[in-house]
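Q: Input structure: my_file.pdb, which contains PDB, C-alpha atoms and all ligand atoms.
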```pdb
ATOM      1  CA  MET Q   1       1.643  13.257  14.594
ATOM      2  CA  SER Q   2       1.125  10.081  16.572
ATOM      3  CA  SER Q   3       4.308   9.313  18.489
ATOM      4  CA  SER Q   4       3.286   6.160  20.327
ATOM      5  CA  SER Q   5       4.070   4.027  17.358
ATOM      6  CA  GLN Q   6       7.498   4.977  16.151
ATOM      7  CA  SER Q   7       9.432   1.888  17.231
ATOM      8  CA  THR Q   8      10.546  -0.340  14.391
ATOM      9  CA  VAL Q   9       8.496  -3.461  13.779
ATOM     10  CA  SER Q  10       9.155  -6.065  11.163
ATOM     11  CA  LEU Q  11       7.446  -9.210   9.982
ATOM     12  CA  PRO Q  12       8.387 -12.371  11.893
ATOM     13  CA  PRO Q  13      10.756 -14.416   9.655
ATOM     14  CA  ALA Q  14       8.341 -17.379   9.335
ATOM     15  CA  LEU Q  15       5.481 -15.088   8.269
ATOM     16  CA  LEU Q  16       7.773 -13.393   5.733
ATOM     17  CA  GLU Q  17       8.826 -16.781   4.326
ATOM     18  CA  GLN Q  18       5.230 -17.981   3.965
ATOM     19  CA  ALA Q  19       4.013 -14.726   2.397
ATOM     20  CA  THR Q  20       6.778 -14.783  -0.229
ATOM     21  CA  LEU Q  21       6.580 -18.505  -1.030
ATOM     22  CA  PRO Q  22       4.048 -18.010  -3.896
ATOM     23  CA  TYR Q  23       6.610 -15.887  -5.785
ATOM     24  CA  ARG Q  24       9.275 -18.634  -5.842
ATOM     25  CA  PRO Q  25       7.958 -20.420  -8.957
ATOM     26  CA  LEU Q  26       8.089 -17.082 -10.832
ATOM     27  CA  GLY Q  27      11.881 -16.927 -10.584
ATOM     28  CA  ASN Q  28      14.543 -15.103  -8.664
ATOM     29  CA  PHE Q  29      13.525 -11.537  -9.449
ATOM     30  CA  ALA Q  30       9.901 -11.798  -8.300
ATOM     31  CA  TRP Q  31      10.824 -13.733  -5.160
ATOM     32  CA  ARG Q  32      13.790 -11.551  -4.175
ATOM     33  CA  PHE Q  33      11.754  -8.400  -4.762
ATOM     34  CA  ALA Q  34       8.891  -9.723  -2.615
ATOM     35  CA  HIS Q  35      11.279 -10.824   0.122
ATOM     36  CA  GLY Q  36      13.226  -7.572   0.082
ATOM     37  CA  LYS Q  37      10.161  -5.309   0.071
ATOM     38  CA  LEU Q  38       8.059  -7.177   2.631
ATOM     39  CA  GLY Q  39      11.123  -7.706   4.805
ATOM     40  CA  SER Q  40      12.452  -4.166   4.826
ATOM     41  CA  ASP Q  41       9.498  -1.803   4.374
ATOM     42  CA  PRO Q  42       8.023  -1.062   7.814
ATOM     43  CA  VAL Q  43       4.556  -0.351   6.420
ATOM     44  CA  PHE Q  44       3.520  -3.998   6.100
ATOM     45  CA  ALA Q  45       4.259  -4.974   9.690
ATOM     46  CA  GLY Q  46       2.977  -1.553  10.749
ATOM     47  CA  LEU Q  47      -0.469  -2.168   9.240
ATOM     48  CA  LEU Q  48      -0.770  -5.634  10.761
ATOM     49  CA  GLN Q  49       0.577  -4.789  14.194
ATOM     50  CA  ARG Q  50      -2.002  -2.023  14.612
ATOM     51  CA  GLY Q  51      -4.933  -4.071  13.331
ATOM     52  CA  LEU Q  52      -5.690  -1.552  10.579
ATOM     53  CA  ILE Q  53      -7.169  -4.223   8.316
ATOM     54  CA  PRO Q  54     -10.075  -6.026  10.030
ATOM     55  CA  SER Q  55     -11.028  -9.661   9.451
ATOM     56  CA  ASN Q  56     -13.373 -10.303   6.500
ATOM     57  CA  ALA Q  57     -12.749  -6.815   5.107
ATOM     58  CA  LYS Q  58     -13.051  -6.130   1.386
ATOM     59  CA  VAL Q  59      -9.756  -4.409   0.641
ATOM     60  CA  LEU Q  60      -8.874  -2.373  -2.458
ATOM     61  CA  ASP Q  61      -5.117  -2.011  -3.010
ATOM     62  CA  ILE Q  62      -4.572   0.855  -5.467
ATOM     63  CA  GLY Q  63      -1.193   0.620  -7.231
ATOM     64  CA  CYS Q  64      -0.758  -2.883  -5.849
ATOM     65  CA  GLY Q  65       2.428  -3.750  -7.756
ATOM     66  CA  GLN Q  66       2.892  -7.522  -7.755
ATOM     67  CA  GLY Q  67       0.307  -8.017  -5.007
ATOM     68  CA  LEU Q  68       2.534  -8.147  -1.934
ATOM     69  CA  LEU Q  69      -0.109  -6.953   0.523
ATOM     70  CA  ALA Q  70      -2.529  -9.614  -0.739
ATOM     71  CA  ALA Q  71       0.163 -12.289  -0.458
ATOM     72  CA  LEU Q  72       0.860 -11.270   3.115
ATOM     73  CA  LEU Q  73      -2.752 -11.021   4.269
ATOM     74  CA  CYS Q  74      -3.902 -14.200   2.549
ATOM     75  CA  SER Q  75      -0.967 -16.230   3.896
ATOM     76  CA  LEU Q  76      -2.695 -15.921   7.271
ATOM     77  CA  ASP Q  77      -5.572 -18.012   5.901
ATOM     78  CA  THR Q  78      -3.623 -20.458   3.792
ATOM     79  CA  SER Q  79      -0.614 -21.190   6.016
ATOM     80  CA  PRO Q  80      -0.739 -22.533   9.595
ATOM     81  CA  VAL Q  81       2.982 -21.681   9.815
ATOM     82  CA  ALA Q  82       2.223 -18.018   9.057
ATOM     83  CA  ARG Q  83      -0.545 -17.972  11.682
ATOM     84  CA  ALA Q  84       1.682 -19.598  14.283
ATOM     85  CA  ALA Q  85       4.313 -16.905  13.709
ATOM     86  CA  TRP Q  86       1.877 -14.091  14.581
ATOM     87  CA  PRO Q  87       3.308 -12.040  17.501
ATOM     88  CA  ALA Q  88       1.113 -12.177  20.621
ATOM     89  CA  SER Q  89       1.653  -8.445  21.220
ATOM     90  CA  TRP Q  90       0.049  -7.469  17.868
ATOM     91  CA  ALA Q  91      -3.654  -6.853  17.258
ATOM     92  CA  PRO Q  92      -5.510 -10.072  16.303
ATOM     93  CA  ALA Q  93      -4.515 -11.483  12.914
ATOM     94  CA  PRO Q  94      -7.005 -10.566  10.156
ATOM     95  CA  THR Q  95      -8.565 -13.569   8.431
ATOM     96  CA  GLY Q  96     -11.004 -13.930   5.544
ATOM     97  CA  VAL Q  97      -9.858 -10.715   3.872
ATOM     98  CA  LYS Q  98     -10.908 -10.297   0.203
ATOM     99  CA  MET Q  99      -8.411  -8.396  -1.921
ATOM    100  CA  ARG Q 100      -8.775  -6.470  -5.152
ATOM    101  CA  GLY Q 101      -5.667  -4.879  -6.635
ATOM    102  CA  ILE Q 102      -5.516  -2.239  -9.354
ATOM    103  CA  GLU Q 103      -2.137  -1.741 -11.029
ATOM    104  CA  LEU Q 104      -0.977   0.265 -14.032
ATOM    105  CA  MET Q 105       1.924  -1.948 -15.134
ATOM    106  CA  PRO Q 106       0.798  -5.108 -16.963
ATOM    107  CA  ARG Q 107       3.973  -6.999 -15.940
ATOM    108  CA  ASP Q 108       3.211  -6.500 -12.244
ATOM    109  CA  VAL Q 109      -0.417  -7.527 -12.710
ATOM    110  CA  ALA Q 110       0.729 -10.700 -14.463
ATOM    111  CA  ARG Q 111       3.127 -11.522 -11.607
ATOM    112  CA  ALA Q 112       0.407 -10.981  -9.008
ATOM    113  CA  GLN Q 113      -2.044 -13.154 -10.930
ATOM    114  CA  MET Q 114       0.483 -15.946 -11.482
ATOM    115  CA  ALA Q 115       1.786 -15.972  -7.909
ATOM    116  CA  LEU Q 116      -1.611 -15.814  -6.212
ATOM    117  CA  TRP Q 117      -3.860 -17.764  -8.605
ATOM    118  CA  HIS Q 118      -4.454 -20.339  -5.843
ATOM    119  CA  LEU Q 119      -6.448 -17.757  -3.870
ATOM    120  CA  GLY Q 120      -9.212 -17.827  -6.495
ATOM    121  CA  GLU Q 121     -11.902 -15.199  -5.930
ATOM    122  CA  ARG Q 122     -10.258 -14.056  -2.715
ATOM    123  CA  ALA Q 123      -7.646 -12.076  -4.616
ATOM    124  CA  GLU Q 124      -8.332 -10.350  -7.917
ATOM    125  CA  PHE Q 125      -5.800  -8.206  -9.785
ATOM    126  CA  VAL Q 126      -6.738  -5.962 -12.656
ATOM    127  CA  GLN Q 127      -4.675  -3.777 -14.930
ATOM    128  CA  GLY Q 128      -5.942  -0.222 -14.804
ATOM    129  CA  ASP Q 129      -5.205   3.422 -14.137
ATOM    130  CA  MET Q 130      -6.387   4.653 -10.744
ATOM    131  CA  CYS Q 131      -7.468   7.862 -12.464
ATOM    132  CA  SER Q 132     -10.228   6.039 -14.325
ATOM    133  CA  ALA Q 133     -10.619   2.530 -12.814
ATOM    134  CA  ASP Q 134     -13.844   1.588 -11.057
ATOM    135  CA  PHE Q 135     -13.159   1.311  -7.302
ATOM    136  CA  GLY Q 136     -16.407  -0.538  -6.540
ATOM    137  CA  HIS Q 137     -17.477  -0.747  -2.887
ATOM    138  CA  VAL Q 138     -14.902  -1.740  -0.278
ATOM    139  CA  ASP Q 139     -14.314  -1.519   3.470
ATOM    140  CA  VAL Q 140     -10.668  -0.472   3.347
ATOM    141  CA  ALA Q 141      -8.742   1.276   0.569
ATOM    142  CA  VAL Q 142      -4.949   1.091   0.626
ATOM    143  CA  ILE Q 143      -2.700   3.429  -1.377
ATOM    144  CA  LEU Q 144       0.975   2.967  -0.556
ATOM    145  CA  ASP Q 145       3.431   5.283  -2.333
ATOM    146  CA  VAL Q 146       1.301   5.728  -5.463
ATOM    147  CA  LEU Q 147      -0.651   9.009  -5.483
ATOM    148  CA  HIS Q 148       2.375  11.212  -6.193
ATOM    149  CA  TYR Q 149       2.651   9.764  -9.713
ATOM    150  CA  VAL Q 150      -0.375  11.768 -10.869
ATOM    151  CA  SER Q 151      -1.153  15.488 -10.873
ATOM    152  CA  HIS Q 152      -2.613  17.231  -7.839
ATOM    153  CA  ASP Q 153      -6.013  17.521  -9.523
ATOM    154  CA  ALA Q 154      -5.960  13.815 -10.344
ATOM    155  CA  GLN Q 155      -4.973  13.003  -6.731
ATOM    156  CA  ASP Q 156      -7.940  15.002  -5.455
ATOM    157  CA  ASP Q 157     -10.238  13.123  -7.802
ATOM    158  CA  VAL Q 158      -8.866   9.710  -6.732
ATOM    159  CA  LEU Q 159      -9.420  10.625  -3.087
ATOM    160  CA  ARG Q 160     -12.995  11.773  -3.779
ATOM    161  CA  ARG Q 161     -13.700   8.480  -5.561
ATOM    162  CA  VAL Q 162     -12.103   6.486  -2.724
ATOM    163  CA  LYS Q 163     -14.399   8.222  -0.275
ATOM    164  CA  ALA Q 164     -17.403   7.326  -2.434
ATOM    165  CA  ALA Q 165     -16.263   3.670  -2.488
ATOM    166  CA  LEU Q 166     -16.188   3.413   1.323
ATOM    167  CA  PRO Q 167     -19.088   2.853   3.740
ATOM    168  CA  PRO Q 168     -19.573   4.883   6.936
ATOM    169  CA  GLY Q 169     -16.779   3.721   9.260
ATOM    170  CA  GLY Q 170     -14.614   2.683   6.288
ATOM    171  CA  SER Q 171     -10.973   3.612   6.125
ATOM    172  CA  LEU Q 172      -8.264   4.737   3.760
ATOM    173  CA  LEU Q 173      -4.667   3.774   4.521
ATOM    174  CA  LEU Q 174      -2.548   6.214   2.549
ATOM    175  CA  ARG Q 175       1.227   6.402   2.650
ATOM    176  CA  VAL Q 176       2.819   9.562   1.296
ATOM    177  CA  GLY Q 177       6.140  11.351   1.449
ATOM    178  CA  ASP Q 178       6.165  14.571   3.462
ATOM    179  CA  ALA Q 179       7.399  17.258   1.051
ATOM    180  CA  ALA Q 180       8.215  19.496   4.022
ATOM    181  CA  ALA Q 181      10.616  16.988   5.574
ATOM    182  CA  GLY Q 182      13.849  18.282   3.966
ATOM    183  CA  LEU Q 183      16.701  15.968   3.001
ATOM    184  CA  PRO Q 184      14.994  12.607   3.728
ATOM    185  CA  PHE Q 185      12.128  13.656   1.439
ATOM    186  CA  HIS Q 186      14.487  14.705  -1.365
ATOM    187  CA  LEU Q 187      16.397  11.449  -1.000
ATOM    188  CA  SER Q 188      13.236   9.330  -1.309
ATOM    189  CA  ASN Q 189      12.130  11.400  -4.317
ATOM    190  CA  TRP Q 190      15.460  10.880  -6.017
ATOM    191  CA  VAL Q 191      15.325   7.106  -5.437
ATOM    192  CA  ASP Q 192      11.726   7.080  -6.690
ATOM    193  CA  ALA Q 193      12.649   8.987  -9.877
ATOM    194  CA  VAL Q 194      15.465   6.520 -10.641
ATOM    195  CA  VAL Q 195      13.280   3.436 -10.009
ATOM    196  CA  THR Q 196      10.464   4.894 -12.122
ATOM    197  CA  PHE Q 197      12.904   5.626 -14.950
ATOM    198  CA  VAL Q 198      14.190   2.040 -14.862
ATOM    199  CA  ARG Q 199      10.631   0.614 -14.850
ATOM    200  CA  ARG Q 200       9.045   2.893 -17.443
ATOM    201  CA  ARG Q 201      12.102   3.866 -19.518
ATOM    202  CA  ARG Q 202      11.195   7.544 -19.222
ATOM    203  CA  PHE Q 203      11.394  10.354 -16.693
ATOM    204  CA  SER Q 204       8.081  11.108 -14.982
ATOM    205  CA  SER Q 205       7.161  14.104 -12.856
ATOM    206  CA  LEU Q 206       6.308  13.470  -9.214
ATOM    207  CA  TYR Q 207       3.584  15.527  -7.533
ATOM    208  CA  CYS Q 208       4.241  15.749  -3.819
ATOM    209  CA  ARG Q 209       2.739  17.768  -0.976
ATOM    210  CA  PRO Q 210       3.624  18.625   2.623
ATOM    211  CA  LEU Q 211       2.021  16.389   5.228
ATOM    212  CA  THR Q 212      -0.165  19.219   6.521
ATOM    213  CA  GLU Q 213      -1.697  19.647   3.063
ATOM    214  CA  TRP Q 214      -2.529  15.926   2.798
ATOM    215  CA  GLN Q 215      -4.168  16.105   6.213
ATOM    216  CA  LYS Q 216      -6.258  19.137   5.195
ATOM    217  CA  ILE Q 217      -7.445  17.511   1.962
ATOM    218  CA  LEU Q 218      -8.544  14.356   3.780
ATOM    219  CA  ALA Q 219     -10.226  16.319   6.575
ATOM    220  CA  ARG Q 220     -12.112  18.373   3.971
ATOM    221  CA  LEU Q 221     -13.448  15.135   2.502
ATOM    222  CA  GLY Q 222     -14.794  14.163   5.932
ATOM    223  CA  PHE Q 223     -12.059  11.787   7.108
ATOM    224  CA  LYS Q 224     -10.679  11.788  10.646
ATOM    225  CA  VAL Q 225      -6.937  11.468  10.145
ATOM    226  CA  ASP Q 226      -4.061  10.056  12.213
ATOM    227  CA  ALA Q 227      -0.531  10.444  10.887
ATOM    228  CA  ILE Q 228       2.000   7.773  11.786
ATOM    229  CA  PRO Q 229       5.669   8.000  10.734
ATOM    230  CA  MET Q 230       6.249   5.001   8.502
ATOM    231  CA  HIS Q 231       9.866   5.053   7.388
ATOM    232  CA  GLN Q 232      11.639   3.391  10.326
ATOM    233  CA  GLY Q 233      14.829   1.649   9.236
ATOM    234  CA  THR Q 234      14.938   3.685   5.988
ATOM    235  CA  PRO Q 235      16.435   7.144   5.303
ATOM    236  CA  PHE Q 236      13.101   8.421   3.902
ATOM    237  CA  ALA Q 237      10.274  10.692   5.097
ATOM    238  CA  ASN Q 238       7.202   8.523   4.602
ATOM    239  CA  VAL Q 239       4.072   8.913   6.670
ATOM    240  CA  LEU Q 240       1.074   6.590   6.917
ATOM    241  CA  LEU Q 241      -2.201   8.495   7.060
ATOM    242  CA  VAL Q 242      -4.931   6.458   8.687
ATOM    243  CA  ALA Q 243      -8.074   8.183   7.451
ATOM    244  CA  ARG Q 244     -11.415   7.002   8.839
ATOM    245  CA  LEU Q 245     -14.922   8.019   7.898
ATOM    246  CA  PRO Q 246     -17.323   8.549  10.775
ATOM    247  CA  ALA Q 247     -19.434   5.489  11.575
ATOM    248  CA  SER Q 248     -22.648   7.359  10.773
ATOM    249  CA  ALA Q 249     -22.995   8.886   7.331
ATOM    250  CA  THR Q 250     -22.184  12.588   6.940
ATOM    251  CA  PRO Q 251     -24.447  14.771   4.800
TER
HETATM  252  C1  LIG Q 301       6.221   2.543  -5.400
HETATM  253  S1  LIG Q 301       5.215   1.303  -6.092
HETATM  254  C2  LIG Q 301       4.282   0.764  -4.687
HETATM  255  C3  LIG Q 301       3.682  -0.590  -4.893
HETATM  256  C4  LIG Q 301       2.847  -1.100  -3.714
HETATM  257  N1  LIG Q 301       1.782  -0.159  -3.378
HETATM  258  C5  LIG Q 301       3.736  -1.367  -2.516
HETATM  259  O1  LIG Q 301       3.728  -0.578  -1.582
HETATM  260  O2  LIG Q 301       4.450  -2.369  -2.531
HETATM  261  C6  LIG Q 301       3.991   2.275  -6.958
HETATM  262  C7  LIG Q 301       3.062   1.441  -7.804
HETATM  263  O3  LIG Q 301       1.993   2.246  -8.283
HETATM  264  C8  LIG Q 301       1.756   1.918  -9.641
HETATM  265  N2  LIG Q 301       1.092   3.063 -10.300
HETATM  266  C9  LIG Q 301       1.631   4.243 -10.670
HETATM  267  N3  LIG Q 301       0.707   5.040 -11.245
HETATM  268  C10 LIG Q 301      -0.450   4.344 -11.244
HETATM  269  C11 LIG Q 301      -1.781   4.624 -11.718
HETATM  270  N4  LIG Q 301      -2.051   5.784 -12.320
HETATM  271  N5  LIG Q 301      -2.737   3.688 -11.535
HETATM  272  C12 LIG Q 301      -2.447   2.493 -10.952
HETATM  273  N6  LIG Q 301      -1.196   2.182 -10.491
HETATM  274  C13 LIG Q 301      -0.212   3.086 -10.637
HETATM  275  C14 LIG Q 301       3.151   1.642 -10.175
HETATM  276  O4  LIG Q 301       3.127   0.935 -11.401
HETATM  277  C15 LIG Q 301       3.749   0.848  -9.025
HETATM  278  O5  LIG Q 301       3.497  -0.523  -9.113
END
```
What do you get writing this file as structure tokens?
A:
Amino acid sequence: MSSSSQSTVSLPPALLEQATLPYRPLGNFAWRFAHGKLGSDPVFAGLLQRGLIPSNAKVLDIGCGQGLLAALLCSLDTSPVARAAWPASWAPAPTGVKMRGIELMPRDVARAQMALWHLGERAEFVQGDMCSADFGHVDVAVILDVLHYVSHDAQDDVLRRVKAALPPGGSLLLRVGDAAAGLPFHLSNWVDAVVTFVRRRRFSSLYCRPLTEWQKILARLGFKVDAIPMHQGTPFANVLLVARLPASATP
């Protein structure tokens, strides 16, 4: 696992404020949720700091919730304050990114659409199930904490379809829990089960795998994979898999 990148990074306060501003008109819940998640989950700053989303990329966010990643990325185009807050030590800020989000829960889709309507064609959110939705053709696919909601066979199929949606040199940014990580993994699973019960009003099974198995599956599909711990500041066992296809097409 990559160890160079384990120090905690967070979004600069002014960038966080600008990214969450669009949720204010939707009321306290949507804004507080956006602020809490973008402010405390290390994955958002982690993606930006490392330059994992290039400028002008077409990005597919699978299981996008209320569109937080889109709000963050697009604030860099719409807000000079957000741009000015960009840390000099990070990779260059991505601009001109086009976002498409697929989300199962209609309420989340509605929140994303209402908060980010001003982005027009730059950010589209559709209600759909990742097991059947059309992924189109994109440069970067992002799946953060979503795949474990469907069976192992369905996960394999989603990953095959993600690969087909990417060009040579395209990348998949996949965050998963490491089922071999002991107590922190069980804790995150327990929290996940409770949150899912509250959201869906029913218990759902979670389908997890050890990190090594995720790495093998992605390698078998032809991805070159880096694993970066992505749970700093939380008691969980989450890992970001940065999976890249070779720049020239594989047979
Ligand atoms: C833990 S949340 C993560 C949200 C977002 N990726 C983030 O990191 O902020 C998981 C999301 O995946 C969505 N989801 C679960 N199963 C899905 C499916 N089969 N297709 C599309 N979205 C799904 C949930 O409704 C939820 O919004």
Q: Could you write out as a ChimeraX atom specification the residues that the PyMOL selection byres (((not hetatm)) within 8 of (chain Q and resi 301)) matches in the shown file?
A: /Q:37-38,61-69,102-105,108,127-131,142-147,149-150,192
Q: Please enumerate the residues selected by the PyMOL selection byres (((chain Q and resi 33) around 12) and not hetatm) when evaluated against the supplied file, formatted as a PyMOL selection string.
A: chain Q and resi 20-21+23-24+26-32+34-41+65-68+108+111
Q: Report, in Å to a single decimal, how far apart CA of Ala115 in chain Q and CA of Gly101 in chain Q are.
A: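 These two atoms are separated by 13.4 Å.
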Q: Compile the contact shell of Asp157 in chain Q as JSON, numbers by chain: residues with an atom at most 12 Å away, counting all atoms listed in the file, same-chain residues fewer than 3 positions apart removed.
A: {"Q": [130, 131, 132, 133, 147, 150, 151, 152, 153, 154, 160, 161, 162, 163, 164, 217, 218, 221]}
Q: As a check of understanding, name the residues that the PyMOL selection byres (((chain Q and resi 245) around 7) and not hetatm) selects in the supplied structure, as a PyMOL selection string.
A: chain Q and resi 168-171+222-224+243-244+246-247
Q: Kindly write range 16-34 of chain Q with N, CA and C atoms to a file, as a short mmCIF file (atom, residue, chain, number, x, y, z; two decimals), in the first residue's frame.
A:
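Below is the file decode_34.cif, written as the result:
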```
data_model
loop_
_atom_site.label_atom_id
_atom_site.label_comp_id
_atom_site.auth_asym_id
_atom_site.auth_seq_id
_atom_site.Cartn_x
_atom_site.Cartn_y
_atom_site.Cartn_z
N LEU Q 16 -14.34 24.89 1.31
CA LEU Q 16 -15.48 24.15 1.89
C LEU Q 16 -16.73 25.03 1.91
N GLU Q 17 -16.59 26.27 2.32
CA GLU Q 17 -17.75 27.18 2.38
C GLU Q 17 -18.35 27.37 0.99
N GLN Q 18 -17.49 27.60 0.00
CA GLN Q 18 -17.99 27.86 -1.36
C GLN Q 18 -18.66 26.62 -1.95
N ALA Q 19 -18.05 25.45 -1.70
CA ALA Q 19 -18.61 24.21 -2.26
C ALA Q 19 -19.96 23.88 -1.67
N THR Q 20 -20.20 24.29 -0.41
CA THR Q 20 -21.46 23.92 0.25
C THR Q 20 -22.54 25.00 0.13
N LEU Q 21 -22.13 26.16 -0.34
CA LEU Q 21 -23.08 27.28 -0.49
C LEU Q 21 -24.35 26.91 -1.27
N PRO Q 22 -24.25 26.15 -2.39
CA PRO Q 22 -25.46 25.83 -3.16
C PRO Q 22 -26.51 25.04 -2.38
N TYR Q 23 -26.10 24.40 -1.26
CA TYR Q 23 -27.06 23.59 -0.50
C TYR Q 23 -27.85 24.44 0.51
N ARG Q 24 -27.39 25.67 0.76
CA ARG Q 24 -28.05 26.51 1.77
C ARG Q 24 -29.54 26.73 1.50
N PRO Q 25 -29.92 27.08 0.24
CA PRO Q 25 -31.34 27.32 -0.01
C PRO Q 25 -32.21 26.08 0.20
N LEU Q 26 -31.59 24.89 0.25
CA LEU Q 26 -32.38 23.66 0.41
C LEU Q 26 -32.72 23.37 1.86
N GLY Q 27 -32.19 24.17 2.78
CA GLY Q 27 -32.52 23.98 4.19
C GLY Q 27 -31.34 23.41 4.97
N ASN Q 28 -31.59 23.34 6.29
CA ASN Q 28 -30.52 22.98 7.21
C ASN Q 28 -29.95 21.59 6.99
N PHE Q 29 -30.83 20.61 6.71
CA PHE Q 29 -30.33 19.24 6.61
C PHE Q 29 -29.33 19.10 5.45
N ALA Q 30 -29.75 19.56 4.27
CA ALA Q 30 -28.89 19.39 3.08
C ALA Q 30 -27.57 20.13 3.28
N TRP Q 31 -27.64 21.35 3.83
CA TRP Q 31 -26.41 22.12 4.00
C TRP Q 31 -25.51 21.51 5.06
N ARG Q 32 -26.09 21.16 6.21
CA ARG Q 32 -25.27 20.58 7.29
C ARG Q 32 -24.65 19.26 6.86
N PHE Q 33 -25.42 18.46 6.11
CA PHE Q 33 -24.88 17.18 5.64
C PHE Q 33 -23.70 17.43 4.70
N ALA Q 34 -23.87 18.36 3.76
CA ALA Q 34 -22.80 18.68 2.81
C ALA Q 34 -21.57 19.18 3.56
#
```
